[in-house]
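To be precise, the following lines are target05.cif, and they hold mmCIF, C-alpha atoms (C1' of nucleotides).
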```
data_structure
loop_
_atom_site.label_atom_id
_atom_site.label_comp_id
_atom_site.auth_asym_id
_atom_site.auth_seq_id
_atom_site.Cartn_x
_atom_site.Cartn_y
_atom_site.Cartn_z
CA MET A 819 120.23 94.83 96.05
CA PRO A 820 123.98 94.62 96.50
CA GLU A 821 125.04 96.33 99.71
CA LEU A 822 127.88 95.31 101.99
CA PRO A 823 126.38 91.98 103.18
CA ASP A 824 125.51 91.00 99.62
CA VAL A 825 128.99 91.78 98.34
CA ALA A 826 130.44 89.80 101.24
CA GLY A 827 128.25 86.93 100.05
CA PHE A 828 129.64 87.26 96.51
CA ALA A 829 133.15 87.07 97.91
CA ARG A 830 132.33 83.87 99.79
CA TYR A 831 130.75 82.47 96.66
CA LEU A 832 133.93 83.08 94.67
CA GLU A 833 135.99 81.46 97.41
CA LYS A 834 133.84 78.34 97.22
CA THR A 835 133.91 78.11 93.45
CA VAL A 836 136.61 79.67 91.27
CA LEU A 837 139.22 81.11 93.61
CA HIS A 838 142.79 79.94 92.79
CA GLN A 839 141.83 79.13 89.24
CA THR A 840 143.54 80.66 86.24
CA VAL A 841 141.91 82.79 83.54
CA SER A 842 142.27 81.52 80.01
CA ARG A 843 139.93 83.94 78.25
CA THR A 844 137.91 87.06 79.00
CA HIS A 845 134.87 87.75 76.88
CA VAL A 846 133.05 91.10 77.10
CA PRO A 847 129.76 90.98 75.17
CA ASP A 848 128.80 94.49 76.29
CA GLU A 849 131.67 96.94 76.67
CA ARG A 850 129.46 99.58 78.32
CA ILE A 851 129.96 97.78 81.63
CA LEU A 852 133.71 98.43 81.63
CA SER A 853 135.17 101.35 83.52
CA GLY A 854 138.66 102.66 82.79
CA VAL A 855 139.69 99.73 80.60
CA THR A 856 138.90 98.56 77.12
CA ARG A 857 137.85 94.98 76.53
CA ARG A 858 141.18 94.34 74.81
CA GLN A 859 143.17 95.69 77.77
CA LEU A 860 141.14 93.74 80.30
CA ALA A 861 141.54 90.50 78.37
CA ALA A 862 145.30 90.98 78.03
CA ARG A 863 145.83 91.84 81.69
CA LEU A 864 143.83 88.88 82.96
CA LYS A 865 145.16 86.24 80.61
CA HIS A 866 146.97 83.45 82.49
CA ARG A 867 146.47 85.26 85.78
CA GLN A 868 145.32 83.27 88.78
CA LEU A 869 142.41 84.56 90.89
CA ALA A 870 144.37 84.72 94.10
CA ALA A 871 142.28 86.37 96.83
CA THR A 872 139.08 88.31 97.48
CA HIS A 873 138.89 91.70 99.16
CA ARG A 874 135.89 93.90 99.80
CA HIS A 875 135.68 97.61 100.44
CA GLY A 876 132.14 98.83 100.94
CA LYS A 877 130.17 97.68 97.95
CA TYR A 878 133.27 96.98 95.84
CA LEU A 879 134.63 93.49 95.41
CA LEU A 880 138.32 93.46 94.51
CA LEU A 881 139.54 90.18 93.16
CA GLU A 882 143.29 90.06 93.61
CA LEU A 883 145.35 88.42 90.89
CA ASP A 884 148.61 86.56 91.34
CA ASP A 885 150.54 89.58 90.04
CA GLY A 886 149.11 91.80 92.80
CA ALA A 887 146.70 93.73 90.57
CA HIS A 888 142.93 93.55 90.99
CA LEU A 889 139.82 92.90 89.00
CA VAL A 890 137.32 95.46 90.30
CA LEU A 891 133.65 94.54 90.51
CA HIS A 892 130.83 96.89 91.42
CA PHE A 893 127.29 95.61 91.25
CA GLY A 894 125.06 98.63 90.88
CA MET A 895 121.51 97.55 91.56
CA THR A 896 121.37 94.36 89.52
CA GLY A 897 124.94 93.03 89.30
CA ARG A 898 125.49 89.35 90.20
CA LEU A 899 128.10 86.64 89.86
CA ALA A 900 127.61 83.10 88.60
CA ALA A 901 130.13 80.29 88.34
CA TRP A 902 129.51 76.95 86.70
CA ARG A 903 131.21 73.93 85.20
CA ARG A 904 131.60 72.95 81.58
CA ASP A 905 128.07 72.12 80.56
CA GLY A 906 126.12 74.39 82.86
CA ALA A 907 123.51 76.69 81.35
CA ASP A 908 124.60 80.28 80.75
CA PRO A 909 122.86 82.81 82.96
CA ASP A 910 121.03 85.79 81.42
CA ASP A 911 122.47 89.29 81.07
CA ILE A 912 126.12 88.28 80.93
CA LYS A 913 128.27 91.39 80.63
CA VAL A 914 131.65 89.74 81.22
CA LEU A 915 132.47 86.05 80.97
CA TRP A 916 135.71 84.42 82.09
CA ASP A 917 136.74 80.97 80.95
CA LEU A 918 139.02 79.34 83.47
CA GLU A 919 141.65 76.79 82.71
CA ASP A 920 140.03 73.78 84.30
CA GLY A 921 136.60 74.00 82.72
CA TRP A 922 134.92 76.45 85.03
CA HIS A 923 133.27 79.67 83.89
CA LEU A 924 132.66 82.84 85.84
CA ALA A 925 130.10 85.38 84.69
CA TYR A 926 129.40 88.91 85.83
CA THR A 927 125.77 89.57 85.00
CA CYS A 928 123.96 92.89 85.19
CA GLN A 929 120.52 93.55 83.87
CA ARG A 930 120.47 97.32 84.21
CA LEU A 931 124.08 98.20 83.42
CA LEU A 932 124.48 100.33 86.50
CA GLY A 933 127.40 98.30 87.80
CA GLU A 934 130.96 98.37 86.55
CA VAL A 935 133.91 96.11 85.94
CA GLY A 936 137.39 97.59 86.08
CA TYR A 937 141.02 96.93 86.81
CA ALA A 938 143.24 98.41 89.49
CA ARG A 939 146.89 97.76 90.20
CA ASP A 940 146.86 98.99 93.76
CA ARG A 941 144.00 98.45 96.18
CA ALA A 942 144.67 101.35 98.54
CA ARG A 943 145.12 103.71 95.64
CA PHE A 944 141.86 102.52 94.12
CA VAL A 945 139.96 103.14 97.36
CA SER A 946 141.28 106.67 97.65
CA SER A 947 140.68 107.39 93.96
CA GLN A 948 137.01 106.53 94.49
CA SER A 949 136.87 108.79 97.57
CA LEU A 950 135.57 105.93 99.67
CA GLY A 951 135.36 106.22 103.42
CA PRO A 952 136.37 103.33 105.68
CA ASP A 953 134.57 100.07 105.10
CA ALA A 954 131.63 99.88 107.50
CA LEU A 955 132.99 96.65 109.03
CA ASP A 956 136.65 97.70 109.08
CA PRO A 957 138.09 96.61 112.45
CA ASP A 958 139.88 99.97 112.60
CA LEU A 959 136.57 101.83 112.43
CA THR A 960 136.22 102.18 116.18
CA GLU A 961 133.42 103.96 117.97
CA ASP A 962 135.64 107.00 118.47
CA ARG A 963 136.48 107.14 114.79
CA PHE A 964 132.82 106.80 113.88
CA LEU A 965 131.89 109.64 116.22
CA ALA A 966 134.60 111.76 114.62
CA LEU A 967 133.13 111.07 111.17
CA MET A 968 129.77 112.42 112.34
CA GLU A 969 131.28 115.57 113.77
CA GLY A 970 130.32 118.77 111.99
CA ARG A 971 127.81 117.10 109.64
CA ARG A 972 124.52 118.84 109.11
CA GLY A 973 122.55 116.52 106.83
CA THR A 974 120.15 113.72 107.65
CA THR A 975 121.29 110.62 109.50
CA LYS A 976 120.21 108.45 106.59
CA GLY A 977 122.22 110.64 104.24
CA LEU A 978 125.26 110.15 106.42
CA LEU A 979 124.90 106.37 106.48
CA MET A 980 124.44 106.20 102.72
CA ASN A 981 127.30 108.55 101.89
CA GLN A 982 130.03 106.22 100.60
CA SER A 983 132.72 108.83 101.12
CA VAL A 984 131.92 108.86 104.85
CA ILE A 985 131.36 105.12 105.43
CA ALA A 986 131.44 102.61 102.61
CA GLY A 987 128.98 99.76 102.28
CA LEU A 988 125.47 100.89 103.22
CA GLY A 989 122.64 101.39 100.76
CA ASN A 990 118.98 102.17 101.14
CA VAL A 991 117.86 98.88 102.67
CA TYR A 992 120.50 98.48 105.35
CA SER A 993 120.50 102.15 106.34
CA ASP A 994 116.76 101.85 107.01
CA GLU A 995 117.38 98.69 109.01
CA ILE A 996 120.08 100.30 111.13
CA LEU A 997 118.01 103.41 111.77
CA PHE A 998 115.02 101.28 112.74
CA GLN A 999 117.00 99.21 115.20
CA ALA A 1000 118.69 102.30 116.60
CA GLY A 1001 115.32 104.05 117.05
CA ILE A 1002 116.29 107.03 114.92
CA ARG A 1003 114.12 108.56 112.19
CA PRO A 1004 115.75 108.55 108.74
CA GLY A 1005 115.27 112.30 108.41
CA ARG A 1006 116.79 113.21 111.80
CA LYS A 1007 119.57 115.71 111.35
CA VAL A 1008 122.94 114.37 112.42
CA ASP A 1009 123.72 117.47 114.47
CA ARG A 1010 120.57 116.87 116.55
CA LEU A 1011 121.58 113.39 117.68
CA SER A 1012 122.53 113.03 121.34
CA ALA A 1013 125.85 111.51 122.33
CA GLN A 1014 123.99 108.40 123.44
CA GLU A 1015 122.18 108.09 120.11
CA ARG A 1016 125.44 108.42 118.21
CA ARG A 1017 127.02 105.62 120.19
CA GLU A 1018 123.92 103.49 119.77
CA LEU A 1019 123.99 104.11 116.02
CA TYR A 1020 127.55 102.82 115.85
CA ARG A 1021 126.80 99.70 117.88
CA VAL A 1022 123.66 98.89 115.89
CA LEU A 1023 125.45 99.48 112.58
CA ARG A 1024 128.15 96.98 113.46
CA ARG A 1025 125.71 94.47 114.90
CA VAL A 1026 123.32 94.58 111.93
CA LEU A 1027 126.06 94.19 109.34
CA THR A 1028 127.87 91.47 111.27
CA THR A 1029 124.65 89.53 111.73
CA ALA A 1030 123.65 89.95 108.09
CA CYS A 1031 127.05 88.75 106.87
CA GLU A 1032 127.00 85.74 109.18
CA ARG A 1033 123.50 84.71 108.24
CA GLY A 1034 124.03 84.99 104.51
CA ASP A 1035 123.06 87.58 101.97
CA ALA A 1036 119.42 86.59 101.38
CA VAL A 1037 116.76 88.80 102.93
CA ALA A 1038 114.93 85.64 104.08
CA ASP A 1039 117.97 84.63 106.15
CA GLN A 1040 117.71 87.69 108.37
CA PRO A 1041 115.93 87.70 111.75
CA ASP A 1042 112.12 87.96 111.67
CA SER A 1043 112.26 90.99 113.93
CA TRP A 1044 114.03 93.01 111.24
CA LEU A 1045 112.45 95.76 109.20
CA ILE A 1046 114.00 94.30 106.05
CA HIS A 1047 111.05 91.91 105.64
CA ARG A 1048 108.49 94.69 105.66
CA ARG A 1049 109.59 97.07 102.98
CA ASP A 1050 106.18 97.63 101.46
CA GLU A 1051 103.17 99.91 101.77
CA ASP A 1052 101.16 99.64 105.01
CA GLN A 1053 103.22 96.91 106.65
CA GLU A 1054 103.21 96.38 110.40
CA CYS A 1055 106.13 97.40 112.56
CA PRO A 1056 107.79 94.18 113.78
CA ARG A 1057 108.36 95.79 117.17
CA CYS A 1058 105.14 97.62 118.08
CA GLY A 1059 102.66 96.39 115.47
CA GLY A 1060 101.87 99.92 114.31
CA THR A 1061 101.78 100.91 110.66
CA LEU A 1062 105.09 101.69 109.01
CA ARG A 1063 105.55 104.81 106.97
CA ALA A 1064 107.22 105.19 103.60
CA ASP A 1065 108.74 108.64 103.08
CA THR A 1066 111.25 109.97 100.65
CA VAL A 1067 114.48 110.94 102.42
CA ILE A 1068 117.50 112.08 100.40
CA GLY A 1069 115.61 110.96 97.33
CA ARG A 1070 115.07 107.34 98.36
CA THR A 1071 112.01 105.56 99.67
CA SER A 1072 112.60 105.08 103.37
CA TYR A 1073 110.58 102.78 105.59
CA TRP A 1074 110.30 103.60 109.26
CA CYS A 1075 108.07 103.36 112.32
CA PRO A 1076 106.73 106.65 113.72
CA SER A 1077 106.25 105.10 117.19
CA CYS A 1078 109.60 103.34 117.52
CA GLN A 1079 111.84 105.89 115.81
CA ASP A 1080 112.35 109.45 116.97
"C1'" DT B 1310 101.19 104.13 79.48
"C1'" DT B 1311 103.23 105.62 83.67
"C1'" DC B 1312 105.68 104.93 87.71
"C1'" DC B 1313 109.01 102.73 90.40
"C1'" DA B 1314 113.23 100.10 91.68
"C1'" DT B 1315 117.97 97.95 96.93
"C1'" DG B 1316 123.36 101.58 92.42
"C1'" DT B 1317 126.34 106.23 91.47
"C1'" DT B 1318 127.17 110.86 89.54
"C1'" DC B 1319 126.38 115.44 88.13
"C1'" DC B 1320 124.22 120.00 88.28
"C1'" DG B 1321 121.93 123.88 90.37
"C1'" DC B 1322 120.75 125.89 94.44
"C1'" DA B 1323 120.38 127.12 99.50
"C1'" DT C 1224 131.67 123.98 102.20
"C1'" DT C 1225 128.06 120.88 102.80
"C1'" DG C 1226 124.13 118.74 101.53
"C1'" DC C 1227 119.76 118.46 99.23
"C1'" DG C 1228 116.52 117.64 95.20
"C1'" DG C 1229 116.21 116.30 90.73
"C1'" DA C 1230 117.81 114.30 86.59
"C1'" DA C 1231 120.38 110.93 84.27
"C1'" DC C 1232 122.01 106.31 83.34
"C1'" DA C 1233 119.40 101.21 81.37
"C1'" DT C 1234 115.92 97.94 81.87
"C1'" DG C 1235 111.92 95.44 83.30
"C1'" DG C 1236 107.91 94.72 86.19
"C1'" DA C 1237 103.60 96.27 88.44
#
```

The structure in this file should be written as structure tokens.
Amino acid sequence: MPELPDVAGFARYLEKTVLHQTVSRTHVPDERILSGVTRRQLAARLKHRQLAATHRHGKYLLLELDDGAHLVLHFGMTGRLAAWRRDGADPDDIKVLWDLEDGWHLAYTCQRLLGEVGYARDRARFVSSQSLGPDALDPDLTEDRFLALMEGRRGTTKGLLMNQSVIAGLGNVYSDEILFQAGIRPGRKVDRLSAQERRELYRVLRRVLTTACERGDAVADQPDSWLIHRRDEDQECPRCGGTLRADTVIGRTSYWCPSCQD
DNA sequence: TTCCATGTTCCGCA
DNA sequence: TTGCGGAACATGGA
């Protein structure tokens, strides 16, 4: 599930629970989740460090420490965070567990091991090392800049939206939502979009993500008129009542309405 | 048993 | 060079 709005929700969750607390111990039951660090290195670098601030870039959550370095969290398809007090029950699928100095615990859980936990000294350097494009909600990502990103691209519009090195933060679900609300078929080639459609795509992208982040990360929190509630075979289009289609575009199941999207 | 899943990455090919 | 399809990764549910 975790796309930009979900990761934004994780960041808020950390702010409400364990932010500003200090790590006393890092336990890594399954080292396969680590990327670029060993469990010994991670434990040593986090020991006695305070969790100072949250940052998000696309689907990455960067938890800044009081020495300026960052704990890097990526959630894959099944990554989650859980924080609890002393005698709370442990969640399932814990891949990394942090004990904090005042009795709280923070767990990174991941059922399918497709996420990763890492460590990065410098945030900007990390973003460029991952070849990530601008965050989809970056205030500096203006309409003009977005239009420039689309220039010269020949693939599908859905492929563009999901390409993290072009724009960071969108996955399968939210790209379908944005394309639905913009009235553009997932398989439409970028170079066949009119100037008006390109501008509309930008506006809808920002509106959908802003709304989703404000409402919370649960699908049920999103407006009833959204496609997100109807990602299943033979569902009705929330706009025209027609039958939605499910096609494979750039290798992912894509839901769309043949009457509302062109 | 087989297929599918909201994540990324790599390879071969057009 | 860009982008696509397919496979791979690991696991569980329909």

Selection: 10 Å around C:DT1225, all atoms listed in the file, excl. self and same-chain fewer than 5 positions, as a PDB file with C-alpha atoms, keeping the file's coordinate frame:
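Final file, around-v6.pdb:
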```pdb
ATOM      1  CA  GLY A 970     130.320 118.770 111.990  1.00  0.00           C
ATOM      2  CA  ARG A 971     127.810 117.100 109.640  1.00  0.00           C
ATOM      3  CA  ARG A 972     124.520 118.840 109.110  1.00  0.00           C
ATOM      4  CA  GLY A 973     122.550 116.520 106.830  1.00  0.00           C
TER       5      GLY A 973
END
```

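What separates atom CA of A:Leu955 from atom CA of A:Arg1024 is a distance of 6.6 Å.
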
With 9 Å as the limit and counting all atoms listed in the file, what residues in chain A lie close to chain C? Please list them as a ChimeraX atom specification.
/A:929-932,971-974,977,1068-1069

Which residues of chain A are close to chain B, meaning at most 12 Å apart when you count all atoms listed in the file, and how do they look as a PyMOL selection string?
chain A and resi 819-822+824+877-878+892-897+928+930-934+948+980-983+987-994+1037+1046+1049+1070-1072

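Counting from atom CA of A:Gly1005, the distance to atom CA of A:Arg1025 is 21.7 Å.
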
Padded axis-aligned box of stretch 1228-1234 of chain C (3 Å per side), centre and edge lengths, Å, one decimal, as lines of an AutoDock Vina configuration file:
```
center_x = 119.0
center_y = 107.8
center_z = 88.3
size_x = 12.1
size_y = 25.7
size_z = 19.8
```

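Atom CA of A:Pro823 sits 17.8 Å away from atom CA of A:Leu1019.
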
Determine the residue set returned by the PyMOL selection byres ((chain A and resi 1004) around 6) for the present structure, and present it as a VMD selection string.
chain A and resid 975 to 976 1003 1005 to 1006

Apply the PyMOL selection byres ((chain A and resi 1016) around 12) to the structure shown and report the selected residues as a PyMOL selection string.
chain A and resi 961-969+975+978-979+997+1000-1002+1006-1015+1017-1023

Within 8 Å of A:Pro909, counting all atoms listed in the file, which residues show up once you throw out same-chain ones fewer than 4 positions away? Write them as JSON, numbers by chain, please.
{"A": [900, 925, 927]}

Mind checking which residues fall within 8 Å of stretch 854-864 of chain A, counting all atoms listed in the file, ignoring those fewer than 5 positions away in the same chain, and posting them as a VMD selection string?
chain A and resid 841 843 to 846 849 936 to 937

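With all atoms listed in the file as the basis for measurement, A:Ile851 is the residue among A:Ile851, A:Cys1058, A:Val836, A:Ala986 that approaches A:Asp911 most closely.
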
Apply the PyMOL selection byres ((chain A and resi 869) around 6) to the displayed file and report the matching residues as number ranges by chain.
A: 837-839, 868, 870, 883

Just write the chosen residues, C-alpha atoms, as a PDB file, in the coordinates of the input.
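Wrote selection_35.pdb, looks like this:
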```
ATOM      1  CA  LEU A 837     139.220  81.110  93.610  1.00  0.00           C
ATOM      2  CA  HIS A 838     142.790  79.940  92.790  1.00  0.00           C
ATOM      3  CA  GLN A 839     141.830  79.130  89.240  1.00  0.00           C
ATOM      4  CA  GLN A 868     145.320  83.270  88.780  1.00  0.00           C
ATOM      5  CA  ALA A 870     144.370  84.720  94.100  1.00  0.00           C
ATOM      6  CA  LEU A 883     145.350  88.420  90.890  1.00  0.00           C
TER       7      LEU A 883
END
```

Would you mind putting N, CA, C and O atoms back on stretch 860-880 of chain A and writing the result as a compact mmCIF listing (two decimals), keeping the file's coordinate frame?
```
# COMPACT_ATOMS: atom_id res chain seq x y z
N LEU A 860 141.55 94.63 79.20
CA LEU A 860 141.14 93.74 80.30
C LEU A 860 141.52 92.29 79.98
O LEU A 860 142.08 91.59 80.82
N ALA A 861 141.24 91.88 78.76
CA ALA A 861 141.54 90.50 78.37
C ALA A 861 143.04 90.22 78.48
O ALA A 861 143.47 89.18 78.98
N ALA A 862 143.85 91.18 78.01
CA ALA A 862 145.30 90.98 78.03
C ALA A 862 145.84 90.93 79.46
O ALA A 862 146.71 90.11 79.79
N ARG A 863 145.31 91.78 80.32
CA ARG A 863 145.83 91.84 81.69
C ARG A 863 145.41 90.63 82.53
O ARG A 863 146.07 90.31 83.52
N LEU A 864 144.31 90.01 82.16
CA LEU A 864 143.83 88.88 82.96
C LEU A 864 144.33 87.53 82.44
O LEU A 864 144.29 86.53 83.17
N LYS A 865 144.79 87.52 81.22
CA LYS A 865 145.16 86.24 80.61
C LYS A 865 146.28 85.55 81.40
O LYS A 865 147.29 86.17 81.73
N HIS A 866 146.04 84.29 81.73
CA HIS A 866 146.97 83.45 82.49
C HIS A 866 147.19 83.91 83.93
O HIS A 866 148.12 83.46 84.59
N ARG A 867 146.36 84.83 84.39
CA ARG A 867 146.47 85.26 85.78
C ARG A 867 145.59 84.37 86.65
O ARG A 867 144.47 84.03 86.28
N GLN A 868 146.11 84.05 87.83
CA GLN A 868 145.32 83.27 88.78
C GLN A 868 144.49 84.21 89.65
O GLN A 868 144.96 85.30 90.01
N LEU A 869 143.26 83.79 89.97
CA LEU A 869 142.41 84.56 90.89
C LEU A 869 142.88 84.20 92.30
O LEU A 869 142.61 83.11 92.79
N ALA A 870 143.61 85.11 92.91
CA ALA A 870 144.37 84.72 94.10
C ALA A 870 143.66 84.97 95.43
O ALA A 870 143.82 84.19 96.37
N ALA A 871 142.91 86.04 95.53
CA ALA A 871 142.28 86.37 96.83
C ALA A 871 141.12 87.34 96.62
O ALA A 871 141.09 88.07 95.63
N THR A 872 140.18 87.35 97.55
CA THR A 872 139.08 88.31 97.48
C THR A 872 139.27 89.39 98.56
O THR A 872 139.73 89.10 99.66
N HIS A 873 138.91 90.60 98.20
CA HIS A 873 138.89 91.70 99.16
C HIS A 873 137.61 92.47 98.92
O HIS A 873 137.11 92.50 97.80
N ARG A 874 137.09 93.09 99.97
CA ARG A 874 135.89 93.90 99.80
C ARG A 874 136.12 95.25 100.45
O ARG A 874 136.71 95.34 101.52
N HIS A 875 135.69 96.31 99.79
CA HIS A 875 135.68 97.61 100.44
C HIS A 875 134.33 98.23 100.13
O HIS A 875 134.05 98.58 99.00
N GLY A 876 133.49 98.34 101.16
CA GLY A 876 132.14 98.83 100.94
C GLY A 876 131.42 97.91 99.98
O GLY A 876 131.38 96.70 100.17
N LYS A 877 130.91 98.48 98.92
CA LYS A 877 130.17 97.68 97.95
C LYS A 877 131.05 97.19 96.80
O LYS A 877 130.55 96.60 95.85
N TYR A 878 132.35 97.45 96.88
CA TYR A 878 133.27 96.98 95.84
C TYR A 878 133.86 95.63 96.21
O TYR A 878 134.29 95.42 97.36
N LEU A 879 133.92 94.75 95.24
CA LEU A 879 134.63 93.49 95.41
C LEU A 879 135.89 93.57 94.57
O LEU A 879 135.84 93.85 93.37
N LEU A 880 137.04 93.38 95.21
CA LEU A 880 138.32 93.46 94.51
C LEU A 880 138.93 92.07 94.50
O LEU A 880 139.25 91.50 95.54
```
